file model.pdb (PDB, C-alpha atoms and all ligand atoms)
ATOM      1  CA  MET A1172       0.000   0.000   0.000
ATOM      2  CA  ASN A1173       2.697   2.434   0.963
ATOM      3  CA  LYS A1174       5.007   1.338  -1.828
ATOM      4  CA  SER A1175       4.241   4.282  -4.100
ATOM      5  CA  LEU A1176       4.717   6.699  -1.224
ATOM      6  CA  ASP A1177       8.134   5.205  -0.471
ATOM      7  CA  PHE A1178       9.009   5.542  -4.111
ATOM      8  CA  HIS A1179       8.181   9.230  -4.161
ATOM      9  CA  LEU A1180      10.002   9.989  -0.936
ATOM     10  CA  GLY A1181      13.114   8.086  -1.937
ATOM     11  CA  PRO A1182      15.571   6.733   0.616
ATOM     12  CA  PRO A1183      15.779   8.664   3.890
ATOM     13  CA  ASP A1184      18.577  11.243   4.127
ATOM     14  CA  ASP A1185      20.802   9.868   6.882
ATOM     15  CA  ARG A1186      23.514  12.487   6.482
ATOM     16  CA  LEU A1187      24.854  14.294   9.536
ATOM     17  CA  ILE A1188      24.602  18.045  10.162
ATOM     18  CA  SER A1189      27.210  19.650  12.434
ATOM     19  CA  LEU A1190      26.780  22.967  14.150
ATOM     20  CA  VAL A1191      30.060  24.610  15.117
ATOM     21  CA  VAL A1192      29.662  27.158  17.892
ATOM     22  CA  PRO A1193      32.603  29.281  19.118
ATOM     23  CA  VAL A1194      32.163  30.226  22.762
ATOM     24  CA  TYR A1195      34.001  32.877  24.701
ATOM     25  CA  ASN A1196      32.431  33.894  28.002
ATOM     26  CA  GLU A1197      28.851  33.162  26.910
ATOM     27  CA  ARG A1198      27.641  31.668  30.209
ATOM     28  CA  VAL A1199      24.697  34.073  30.309
ATOM     29  CA  MET A1200      23.679  33.349  26.712
ATOM     30  CA  LEU A1201      24.042  29.563  26.740
ATOM     31  CA  PRO A1202      20.659  28.721  28.332
ATOM     32  CA  LEU A1203      18.954  30.957  25.762
ATOM     33  CA  PHE A1204      21.041  29.346  23.039
ATOM     34  CA  PHE A1205      19.841  25.852  23.964
ATOM     35  CA  ASP A1206      16.239  27.069  24.241
ATOM     36  CA  ARG A1207      16.329  28.526  20.743
ATOM     37  CA  VAL A1208      18.531  26.045  18.885
ATOM     38  CA  LEU A1209      17.515  22.610  20.175
ATOM     39  CA  PRO A1210      13.867  22.900  18.981
ATOM     40  CA  VAL A1211      15.054  24.036  15.543
ATOM     41  CA  LEU A1212      17.340  21.013  15.227
ATOM     42  CA  ALA A1213      14.678  18.664  16.538
ATOM     43  CA  ALA A1214      12.366  19.841  13.758
ATOM     44  CA  VAL A1215      14.996  19.116  11.081
ATOM     45  CA  ASN A1216      14.626  15.545   9.947
ATOM     46  CA  LEU A1217      18.358  14.800   9.907
ATOM     47  CA  ARG A1218      20.950  13.549  12.356
ATOM     48  CA  HIS A1219      22.872  16.361  13.999
ATOM     49  CA  GLU A1220      25.656  17.223  16.412
ATOM     50  CA  ILE A1221      26.671  20.490  18.025
ATOM     51  CA  VAL A1222      30.400  21.049  18.429
ATOM     52  CA  PHE A1223      31.017  23.789  20.979
ATOM     53  CA  VAL A1224      34.498  25.237  21.033
ATOM     54  CA  ASP A1225      35.282  26.849  24.341
ATOM     55  CA  ASP A1226      37.844  29.476  23.506
ATOM     56  CA  GLY A1227      39.337  29.884  26.969
ATOM     57  CA  SER A1228      36.213  31.207  28.706
ATOM     58  CA  GLU A1229      36.698  32.376  32.285
ATOM     59  CA  ASP A1230      33.018  32.516  33.221
ATOM     60  CA  GLY A1231      32.077  28.851  33.557
ATOM     61  CA  SER A1232      30.819  28.410  29.989
ATOM     62  CA  ALA A1233      32.626  25.056  29.633
ATOM     63  CA  VAL A1234      31.176  23.709  32.887
ATOM     64  CA  TYR A1235      27.695  24.680  31.736
ATOM     65  CA  ILE A1236      28.176  22.925  28.381
ATOM     66  CA  ARG A1237      29.553  19.789  30.094
ATOM     67  CA  ASN A1238      26.413  19.589  32.228
ATOM     68  CA  GLU A1239      24.218  20.013  29.184
ATOM     69  CA  ILE A1240      26.148  17.204  27.439
ATOM     70  CA  LYS A1241      25.046  14.838  30.219
ATOM     71  CA  ARG A1242      21.392  15.581  29.474
ATOM     72  CA  THR A1243      21.301  16.039  25.718
ATOM     73  CA  PRO A1244      22.681  13.610  23.118
ATOM     74  CA  GLY A1245      24.648  14.942  20.171
ATOM     75  CA  LEU A1246      26.545  17.675  22.017
ATOM     76  CA  ARG A1247      30.334  17.801  22.048
ATOM     77  CA  LEU A1248      32.879  20.154  23.554
ATOM     78  CA  VAL A1249      36.314  21.081  22.286
ATOM     79  CA  LYS A1250      38.113  23.019  24.970
ATOM     80  CA  LEU A1251      41.001  25.261  23.960
ATOM     81  CA  SER A1252      43.744  25.856  26.547
ATOM     82  CA  ARG A1253      43.380  29.632  26.388
ATOM     83  CA  ASN A1254      41.714  32.358  24.361
ATOM     84  CA  PHE A1255      42.879  32.082  20.752
ATOM     85  CA  GLY A1256      40.283  34.313  19.120
ATOM     86  CA  LYS A1257      37.161  33.493  17.217
ATOM     87  CA  GLU A1258      38.775  32.465  13.953
ATOM     88  CA  ALA A1259      40.998  29.858  15.609
ATOM     89  CA  ALA A1260      38.005  28.609  17.592
ATOM     90  CA  VAL A1261      35.952  28.156  14.426
ATOM     91  CA  THR A1262      38.856  26.366  12.719
ATOM     92  CA  ALA A1263      39.171  23.983  15.682
ATOM     93  CA  GLY A1264      35.442  23.354  15.410
ATOM     94  CA  LEU A1265      35.685  22.626  11.685
ATOM     95  CA  GLU A1266      38.506  20.171  12.395
ATOM     96  CA  HIS A1267      36.373  18.275  14.898
ATOM     97  CA  ALA A1268      33.040  18.413  13.072
ATOM     98  CA  ARG A1269      32.066  15.106  11.500
ATOM     99  CA  GLY A1270      29.069  16.348   9.547
ATOM    100  CA  ASP A1271      28.317  16.050   5.844
ATOM    101  CA  ALA A1272      27.375  19.707   6.193
ATOM    102  CA  VAL A1273      28.682  22.136   8.801
ATOM    103  CA  ILE A1274      26.935  25.284   9.997
ATOM    104  CA  VAL A1275      28.882  27.925  11.907
ATOM    105  CA  LEU A1276      26.699  29.772  14.374
ATOM    106  CA  ASP A1277      27.688  32.304  17.043
ATOM    107  CA  ALA A1278      26.637  31.559  20.606
ATOM    108  CA  ASP A1279      25.257  35.055  21.183
ATOM    109  CA  LEU A1280      22.150  34.487  19.005
ATOM    110  CA  GLN A1281      22.995  37.481  16.866
ATOM    111  CA  ASP A1282      21.898  35.427  13.870
ATOM    112  CA  PRO A1283      18.525  33.663  13.865
ATOM    113  CA  PRO A1284      18.888  29.869  14.232
ATOM    114  CA  GLU A1285      15.393  29.606  12.719
ATOM    115  CA  GLN A1286      17.111  30.053   9.327
ATOM    116  CA  ILE A1287      18.927  26.741   9.699
ATOM    117  CA  PRO A1288      16.245  24.611   7.945
ATOM    118  CA  ALA A1289      16.358  26.889   4.877
ATOM    119  CA  MET A1290      20.177  26.668   4.806
ATOM    120  CA  ILE A1291      19.976  22.876   4.952
ATOM    121  CA  GLU A1292      17.437  22.861   2.123
ATOM    122  CA  SER A1293      19.813  24.872  -0.074
ATOM    123  CA  TRP A1294      22.542  22.341   0.678
ATOM    124  CA  GLN A1295      20.219  19.437  -0.092
ATOM    125  CA  SER A1296      19.542  21.126  -3.431
ATOM    126  CA  GLY A1297      23.274  21.076  -4.169
ATOM    127  CA  ALA A1298      24.839  24.238  -2.674
ATOM    128  CA  ASP A1299      28.359  23.870  -1.229
ATOM    129  CA  VAL A1300      28.314  27.157   0.656
ATOM    130  CA  VAL A1301      25.278  29.022   1.984
ATOM    131  CA  LEU A1302      26.057  32.519   3.268
ATOM    132  CA  MET A1303      23.449  34.296   5.335
ATOM    133  CA  GLN A1304      23.155  38.033   4.903
ATOM    134  CA  ARG A1305      21.913  40.254   7.695
ATOM    135  CA  ARG A1306      19.019  42.387   6.547
ATOM    136  CA  SER A1307      19.367  44.761   9.455
ATOM    137  CA  ARG A1308      21.867  45.071  12.231
ATOM    138  CA  ALA A1309      19.233  45.949  14.816
ATOM    139  CA  GLY A1310      20.465  45.911  18.372
ATOM    140  CA  GLU A1311      24.014  46.819  17.464
ATOM    141  CA  THR A1312      25.629  50.124  18.250
ATOM    142  CA  ALA A1313      26.048  52.654  15.480
ATOM    143  CA  PHE A1314      29.813  52.205  15.770
ATOM    144  CA  LYS A1315      29.569  48.476  15.294
ATOM    145  CA  ARG A1316      27.269  48.910  12.287
ATOM    146  CA  TRP A1317      29.688  51.344  10.786
ATOM    147  CA  SER A1318      32.758  49.223  11.513
ATOM    148  CA  ALA A1319      31.145  46.048  10.208
ATOM    149  CA  HIS A1320      30.108  47.888   7.073
ATOM    150  CA  LEU A1321      33.615  49.201   6.577
ATOM    151  CA  PHE A1322      35.099  45.772   7.205
ATOM    152  CA  TYR A1323      33.082  44.115   4.461
ATOM    153  CA  ARG A1324      33.756  46.950   2.049
ATOM    154  CA  LEU A1325      37.484  46.624   2.672
ATOM    155  CA  LEU A1326      37.292  42.871   2.365
ATOM    156  CA  ASN A1327      35.521  43.194  -0.956
ATOM    157  CA  ARG A1328      38.158  45.579  -2.144
ATOM    158  CA  THR A1329      41.039  43.345  -1.149
ATOM    159  CA  SER A1330      39.791  39.833  -1.852
ATOM    160  CA  ARG A1331      39.213  38.344  -5.239
ATOM    161  CA  THR A1332      36.054  36.469  -4.398
ATOM    162  CA  ASP A1333      33.303  38.886  -3.538
ATOM    163  CA  ILE A1334      31.778  38.255  -0.156
ATOM    164  CA  PRO A1335      28.305  39.805   0.016
ATOM    165  CA  VAL A1336      28.183  42.899   2.193
ATOM    166  CA  ASP A1337      27.001  42.245   5.757
ATOM    167  CA  THR A1338      27.572  38.525   5.754
ATOM    168  CA  GLY A1339      28.438  37.425   9.273
ATOM    169  CA  ASP A1340      29.913  34.084  10.137
ATOM    170  CA  PHE A1341      26.533  32.427   9.923
ATOM    171  CA  ARG A1342      27.084  29.997   7.095
ATOM    172  CA  LEU A1343      26.697  26.437   5.940
ATOM    173  CA  MET A1344      29.486  24.535   4.233
ATOM    174  CA  SER A1345      29.367  21.142   2.582
ATOM    175  CA  ARG A1346      31.937  18.542   3.614
ATOM    176  CA  LYS A1347      33.759  19.314   0.368
ATOM    177  CA  ALA A1348      33.945  23.038   1.251
ATOM    178  CA  VAL A1349      35.073  22.345   4.837
ATOM    179  CA  ASP A1350      37.854  20.029   3.698
ATOM    180  CA  ALA A1351      39.017  22.600   1.150
ATOM    181  CA  ILE A1352      39.161  25.339   3.804
ATOM    182  CA  LEU A1353      41.058  23.142   6.234
ATOM    183  CA  THR A1354      43.592  22.242   3.531
ATOM    184  CA  LEU A1355      44.097  25.930   2.722
ATOM    185  CA  ASN A1356      44.598  26.765   6.402
ATOM    186  CA  GLU A1357      47.161  24.022   6.744
ATOM    187  CA  ARG A1358      49.129  25.362   3.826
ATOM    188  CA  ASN A1359      49.132  28.844   5.388
ATOM    189  CA  ARG A1360      50.540  27.441   8.611
TER
HETATM  190  N1  LIG B   1      34.258  34.287  20.354
HETATM  191  C1  LIG B   1      35.306  33.377  20.508
HETATM  192  N2  LIG B   1      36.554  33.854  20.842
HETATM  193  C2  LIG B   1      36.823  35.172  20.998
HETATM  194  C3  LIG B   1      35.753  36.085  20.804
HETATM  195  C4  LIG B   1      34.497  35.618  20.465
HETATM  196  O1  LIG B   1      35.101  32.178  20.363
HETATM  197  O2  LIG B   1      37.964  35.517  21.315
HETATM  198  C5  LIG B   1      32.906  33.796  20.003
HETATM  199  C6  LIG B   1      31.784  34.433  20.777
HETATM  200  O3  LIG B   1      31.499  33.732  21.975
HETATM  201  C7  LIG B   1      30.623  34.363  19.782
HETATM  202  C8  LIG B   1      31.316  34.534  18.447
HETATM  203  O4  LIG B   1      32.680  34.125  18.661
HETATM  204  O5  LIG B   1      29.969  33.115  19.815
HETATM  205  C9  LIG B   1      31.244  35.949  17.947
HETATM  206  O6  LIG B   1      31.799  36.797  18.893
HETATM  207  P1  LIG B   1      31.308  38.284  19.067
HETATM  208  O7  LIG B   1      29.824  38.305  19.234
HETATM  209  O8  LIG B   1      32.137  38.912  20.131
HETATM  210  O9  LIG B   1      31.747  38.887  17.662
HETATM  211  P2  LIG B   1      30.912  39.647  16.538
HETATM  212  O10 LIG B   1      29.453  39.576  16.849
HETATM  213  O11 LIG B   1      31.445  41.024  16.570
HETATM  214  O12 LIG B   1      31.279  38.926  15.268
HETATM  215 MG    MG B   2      28.243  38.858  18.255
END
call {"tool": "encode", "arguments": {"input": "model.pdb", "output": "structure tokens"}}
result
Amino acid sequence: MNKSLDFHLGPPDDRLISLVVPVYNERVMLPLFFDRVLPVLAAVNLRHEIVFVDDGSEDGSAVYIRNEIKRTPGLRLVKLSRNFGKEAAVTAGLEHARGDAVIVLDADLQDPPEQIPAMIESWQSGADVVLMQRRSRAGETAFKRWSAHLFYRLLNRTSRTDIPVDTGDFRLMSRKAVDAILTLNERNR
């Protein structure tokens, strides 16, 4: 009876989605982060893991994440020995992520996790990189808006591949894209 339905749905997608989350002194935000992000992931019909990278927090962020790991499957923690900066934290996360697709998401909820299903859909349709663009920078100071704006303008002027203006770090990368980035990083080292 259900044969035709199975045929139309095709085999289930058993690929793994990784979230990489750099964390530096986000103890206050973490409970809100779990409240917002876990329901979004639960609604996505794919296996998932969250790789937190504690970038030398001094406010108990790592302890909080460890406790959450005991209660929630699919959470992992990479703990750096000191503060290395966001970029290094994200790279460490990419190195540890096992997903077929990896999404980088800040812990401070500056970007809406509710966009994750749409990013995954783009990837399922064949995209290797999905960049999310901020429509407004509400809640940020005028200085930050200005400096972020300037940063992306400068970046566009100096880099050959155009990165859309006001793209944060909120992005999805296919396994192929992640491996390429890690290889490039290695060569730079
Ligand atoms: N972060 C980090 N190491 C740092 C600074 C920041 O891992 O040295 C994390 C931080 O916890 C957050 C993300 O990187 O999840 C973005 O940091 P922030 O909000 O300070 O940067 P911005 O919003 O200006 O990009
Ligand atoms: Mg931020």
call {"tool": "resolve_selection", "arguments": {"input": "model.pdb", "expression": "the PyMOL selection byres (((chain A and resi 1353) around 12) and not hetatm)", "output": "mmCIF file with C-alpha atoms, keeping the file's coordinate frame"}}
result
data_model
loop_
_atom_site.group_PDB
_atom_site.id
_atom_site.type_symbol
_atom_site.label_atom_id
_atom_site.label_comp_id
_atom_site.auth_asym_id
_atom_site.auth_seq_id
_atom_site.Cartn_x
_atom_site.Cartn_y
_atom_site.Cartn_z
ATOM 1 C CA ALA A 1259 40.998 29.858 15.609
ATOM 2 C CA VAL A 1261 35.952 28.156 14.426
ATOM 3 C CA THR A 1262 38.856 26.366 12.719
ATOM 4 C CA ALA A 1263 39.171 23.983 15.682
ATOM 5 C CA GLY A 1264 35.442 23.354 15.410
ATOM 6 C CA LEU A 1265 35.685 22.626 11.685
ATOM 7 C CA GLU A 1266 38.506 20.171 12.395
ATOM 8 C CA HIS A 1267 36.373 18.275 14.898
ATOM 9 C CA ALA A 1268 33.040 18.413 13.072
ATOM 10 C CA MET A 1344 29.486 24.535 4.233
ATOM 11 C CA ARG A 1346 31.937 18.542 3.614
ATOM 12 C CA LYS A 1347 33.759 19.314 0.368
ATOM 13 C CA ALA A 1348 33.945 23.038 1.251
ATOM 14 C CA VAL A 1349 35.073 22.345 4.837
ATOM 15 C CA ASP A 1350 37.854 20.029 3.698
ATOM 16 C CA ALA A 1351 39.017 22.600 1.150
ATOM 17 C CA ILE A 1352 39.161 25.339 3.804
ATOM 18 C CA THR A 1354 43.592 22.242 3.531
ATOM 19 C CA LEU A 1355 44.097 25.930 2.722
ATOM 20 C CA ASN A 1356 44.598 26.765 6.402
ATOM 21 C CA GLU A 1357 47.161 24.022 6.744
ATOM 22 C CA ARG A 1358 49.129 25.362 3.826
ATOM 23 C CA ASN A 1359 49.132 28.844 5.388
ATOM 24 C CA ARG A 1360 50.540 27.441 8.611
#
call {"tool": "closest_residue", "arguments": {"input": "model.pdb", "among": "A:Val1222, A:Glu1229, A:Leu1280, A:Gly1245", "to": "ligand LIG 1 (chain B)", "atoms": "only C-alpha atoms and all ligand atoms"}}
result
A:Leu1280
call {"tool": "resolve_selection", "arguments": {"input": "model.pdb", "expression": "the PyMOL selection byres (((not hetatm)) within 7 of (chain B and resi 2))", "output": "JSON, numbers by chain"}}
result
{"A": [1277, 1279, 1281]}
call {"tool": "residues_near_ligand", "arguments": {"input": "model.pdb", "ligand": "ligand LIG 1 (chain B)", "cutoff": "9 Å", "atoms": "all atoms listed in the file", "output": "PDB file with C-alpha atoms, keeping the file's coordinate frame"}}
result
ATOM      1  CA  VAL A1192      29.662  27.158  17.892  1.00  0.00           C
ATOM      2  CA  PRO A1193      32.603  29.281  19.118  1.00  0.00           C
ATOM      3  CA  VAL A1194      32.163  30.226  22.762  1.00  0.00           C
ATOM      4  CA  TYR A1195      34.001  32.877  24.701  1.00  0.00           C
ATOM      5  CA  ASN A1196      32.431  33.894  28.002  1.00  0.00           C
ATOM      6  CA  GLU A1197      28.851  33.162  26.910  1.00  0.00           C
ATOM      7  CA  VAL A1224      34.498  25.237  21.033  1.00  0.00           C
ATOM      8  CA  ASP A1225      35.282  26.849  24.341  1.00  0.00           C
ATOM      9  CA  ASP A1226      37.844  29.476  23.506  1.00  0.00           C
ATOM     10  CA  GLY A1227      39.337  29.884  26.969  1.00  0.00           C
ATOM     11  CA  SER A1228      36.213  31.207  28.706  1.00  0.00           C
ATOM     12  CA  ASN A1254      41.714  32.358  24.361  1.00  0.00           C
ATOM     13  CA  PHE A1255      42.879  32.082  20.752  1.00  0.00           C
ATOM     14  CA  GLY A1256      40.283  34.313  19.120  1.00  0.00           C
ATOM     15  CA  LYS A1257      37.161  33.493  17.217  1.00  0.00           C
ATOM     16  CA  GLU A1258      38.775  32.465  13.953  1.00  0.00           C
ATOM     17  CA  ALA A1259      40.998  29.858  15.609  1.00  0.00           C
ATOM     18  CA  ALA A1260      38.005  28.609  17.592  1.00  0.00           C
ATOM     19  CA  VAL A1261      35.952  28.156  14.426  1.00  0.00           C
ATOM     20  CA  LEU A1276      26.699  29.772  14.374  1.00  0.00           C
ATOM     21  CA  ASP A1277      27.688  32.304  17.043  1.00  0.00           C
ATOM     22  CA  ALA A1278      26.637  31.559  20.606  1.00  0.00           C
ATOM     23  CA  ASP A1279      25.257  35.055  21.183  1.00  0.00           C
ATOM     24  CA  LEU A1280      22.150  34.487  19.005  1.00  0.00           C
ATOM     25  CA  GLN A1281      22.995  37.481  16.866  1.00  0.00           C
ATOM     26  CA  LYS A1315      29.569  48.476  15.294  1.00  0.00           C
ATOM     27  CA  ALA A1319      31.145  46.048  10.208  1.00  0.00           C
ATOM     28  CA  GLY A1339      28.438  37.425   9.273  1.00  0.00           C
ATOM     29  CA  ASP A1340      29.913  34.084  10.137  1.00  0.00           C
TER      30      ASP A1340
END
call {"tool": "resolve_selection", "arguments": {"input": "model.pdb", "expression": "the PyMOL selection byres (((chain A and resi 1201) around 9) and not hetatm)", "output": "mmCIF file with C-alpha atoms, in the frame of the given file"}}
result
data_model
loop_
_atom_site.group_PDB
_atom_site.id
_atom_site.type_symbol
_atom_site.label_atom_id
_atom_site.label_comp_id
_atom_site.auth_asym_id
_atom_site.auth_seq_id
_atom_site.Cartn_x
_atom_site.Cartn_y
_atom_site.Cartn_z
ATOM 1 C CA GLU A 1197 28.851 33.162 26.910
ATOM 2 C CA ARG A 1198 27.641 31.668 30.209
ATOM 3 C CA VAL A 1199 24.697 34.073 30.309
ATOM 4 C CA MET A 1200 23.679 33.349 26.712
ATOM 5 C CA PRO A 1202 20.659 28.721 28.332
ATOM 6 C CA LEU A 1203 18.954 30.957 25.762
ATOM 7 C CA PHE A 1204 21.041 29.346 23.039
ATOM 8 C CA PHE A 1205 19.841 25.852 23.964
ATOM 9 C CA ASP A 1206 16.239 27.069 24.241
ATOM 10 C CA SER A 1232 30.819 28.410 29.989
ATOM 11 C CA TYR A 1235 27.695 24.680 31.736
ATOM 12 C CA ILE A 1236 28.176 22.925 28.381
ATOM 13 C CA ALA A 1278 26.637 31.559 20.606
ATOM 14 C CA ASP A 1279 25.257 35.055 21.183
#
call {"tool": "residues_around", "arguments": {"input": "model.pdb", "residues": "Ala1289 (chain A)", "least_positions_apart": "4", "cutoff": "12 Å", "atoms": "all atoms listed in the file", "output": "list in words"}}
result
Val1211, Leu1212, Val1215, Ile1274, Pro1283, Pro1284, Glu1285, Ser1293, Trp1294, Gln1295, Ser1296, Ala1298, Val1301, Leu1302, Met1303, Arg1342 and Leu1343 of chain A
call {"tool": "atom_distance", "arguments": {"input": "model.pdb", "atom1": "CA of Met1290 (chain A)", "atom2": "CA of Arg1269 (chain A)"}}
result
17.9 Å
call {"tool": "atom_distance", "arguments": {"input": "model.pdb", "atom1": "CA of Ala1214 (chain A)", "atom2": "CA of Arg1242 (chain A)"}}
result
18.6 Å
call {"tool": "closest_residue", "arguments": {"input": "model.pdb", "among": "A:Pro1210, A:Gly1270, A:Gly1231, A:Pro1244", "to": "Pro1288 (chain A)", "atoms": "only C-alpha atoms"}}
result
A:Pro1210
call {"tool": "residues_near_point", "arguments": {"input": "model.pdb", "point": "(15.8, 15.5, 8.9)", "cutoff": "12 Å", "atoms": "only C-alpha atoms", "output": "list in words"}}
result
Pro1183, Asp1184, Asp1185, Arg1186, Leu1187, Ile1188, Val1211, Leu1212, Ala1213, Ala1214, Val1215, Asn1216, Leu1217, Arg1218, His1219, Ile1287, Pro1288, Ile1291, Glu1292 and Gln1295 of chain A
call {"tool": "build_atoms", "arguments": {"input": "model.pdb", "residues": "region 1264-1272 of chain A", "atoms": "all heavy atoms", "output": "mmCIF file, in the coordinates of the input"}}
result
data_model
loop_
_atom_site.group_PDB
_atom_site.id
_atom_site.type_symbol
_atom_site.label_atom_id
_atom_site.label_comp_id
_atom_site.auth_asym_id
_atom_site.auth_seq_id
_atom_site.Cartn_x
_atom_site.Cartn_y
_atom_site.Cartn_z
ATOM 1 N N GLY A 1264 36.762 23.977 15.544
ATOM 2 C CA GLY A 1264 35.442 23.354 15.410
ATOM 3 C C GLY A 1264 35.294 22.631 14.083
ATOM 4 O O GLY A 1264 34.769 21.509 14.028
ATOM 5 N N LEU A 1265 35.767 23.262 13.011
ATOM 6 C CA LEU A 1265 35.685 22.626 11.685
ATOM 7 C C LEU A 1265 36.504 21.342 11.659
ATOM 8 O O LEU A 1265 36.122 20.348 11.044
ATOM 9 C CB LEU A 1265 36.176 23.582 10.593
ATOM 10 C CG LEU A 1265 35.344 24.852 10.350
ATOM 11 C CD1 LEU A 1265 35.970 25.686 9.231
ATOM 12 C CD2 LEU A 1265 33.894 24.513 10.007
ATOM 13 N N GLU A 1266 37.653 21.363 12.365
ATOM 14 C CA GLU A 1266 38.506 20.171 12.395
ATOM 15 C C GLU A 1266 37.826 19.015 13.131
ATOM 16 O O GLU A 1266 38.042 17.855 12.807
ATOM 17 C CB GLU A 1266 39.847 20.490 13.066
ATOM 18 C CG GLU A 1266 40.805 21.208 12.128
ATOM 19 C CD GLU A 1266 41.998 21.812 12.842
ATOM 20 O OE1 GLU A 1266 42.013 21.848 14.096
ATOM 21 O OE2 GLU A 1266 42.913 22.279 12.131
ATOM 22 N N HIS A 1267 37.008 19.331 14.110
ATOM 23 C CA HIS A 1267 36.373 18.275 14.898
ATOM 24 C C HIS A 1267 34.995 17.877 14.390
ATOM 25 O O HIS A 1267 34.475 16.827 14.761
ATOM 26 C CB HIS A 1267 36.273 18.705 16.367
ATOM 27 C CG HIS A 1267 37.580 18.609 17.091
ATOM 28 N ND1 HIS A 1267 38.531 19.618 17.039
ATOM 29 C CD2 HIS A 1267 38.121 17.622 17.837
ATOM 30 C CE1 HIS A 1267 39.590 19.250 17.745
ATOM 31 N NE2 HIS A 1267 39.363 18.042 18.243
ATOM 32 N N ALA A 1268 34.389 18.707 13.565
ATOM 33 C CA ALA A 1268 33.040 18.413 13.072
ATOM 34 C C ALA A 1268 33.071 17.194 12.152
ATOM 35 O O ALA A 1268 33.970 17.053 11.337
ATOM 36 C CB ALA A 1268 32.498 19.629 12.324
ATOM 37 N N ARG A 1269 32.082 16.322 12.318
ATOM 38 C CA ARG A 1269 32.066 15.106 11.500
ATOM 39 C C ARG A 1269 30.968 15.148 10.445
ATOM 40 O O ARG A 1269 30.745 14.179 9.732
ATOM 41 C CB ARG A 1269 31.849 13.900 12.419
ATOM 42 C CG ARG A 1269 32.995 13.705 13.407
ATOM 43 C CD ARG A 1269 32.834 12.467 14.247
ATOM 44 N NE ARG A 1269 31.884 12.667 15.339
ATOM 45 C CZ ARG A 1269 32.063 12.193 16.582
ATOM 46 N NH1 ARG A 1269 33.150 11.494 16.872
ATOM 47 N NH2 ARG A 1269 31.161 12.388 17.508
ATOM 48 N N GLY A 1270 30.268 16.280 10.375
ATOM 49 C CA GLY A 1270 29.069 16.348 9.547
ATOM 50 C C GLY A 1270 29.325 16.326 8.051
ATOM 51 O O GLY A 1270 30.416 16.662 7.580
ATOM 52 N N ASP A 1271 28.301 15.941 7.305
ATOM 53 C CA ASP A 1271 28.317 16.050 5.844
ATOM 54 C C ASP A 1271 28.088 17.503 5.444
ATOM 55 O O ASP A 1271 28.427 17.920 4.341
ATOM 56 C CB ASP A 1271 27.226 15.160 5.254
ATOM 57 C CG ASP A 1271 27.474 13.702 5.586
ATOM 58 O OD1 ASP A 1271 28.446 13.138 5.069
ATOM 59 O OD2 ASP A 1271 26.714 13.131 6.408
ATOM 60 N N ALA A 1272 27.485 18.260 6.351
ATOM 61 C CA ALA A 1272 27.375 19.707 6.193
ATOM 62 C C ALA A 1272 27.661 20.320 7.559
ATOM 63 O O ALA A 1272 27.344 19.733 8.591
ATOM 64 C CB ALA A 1272 25.985 20.115 5.722
#
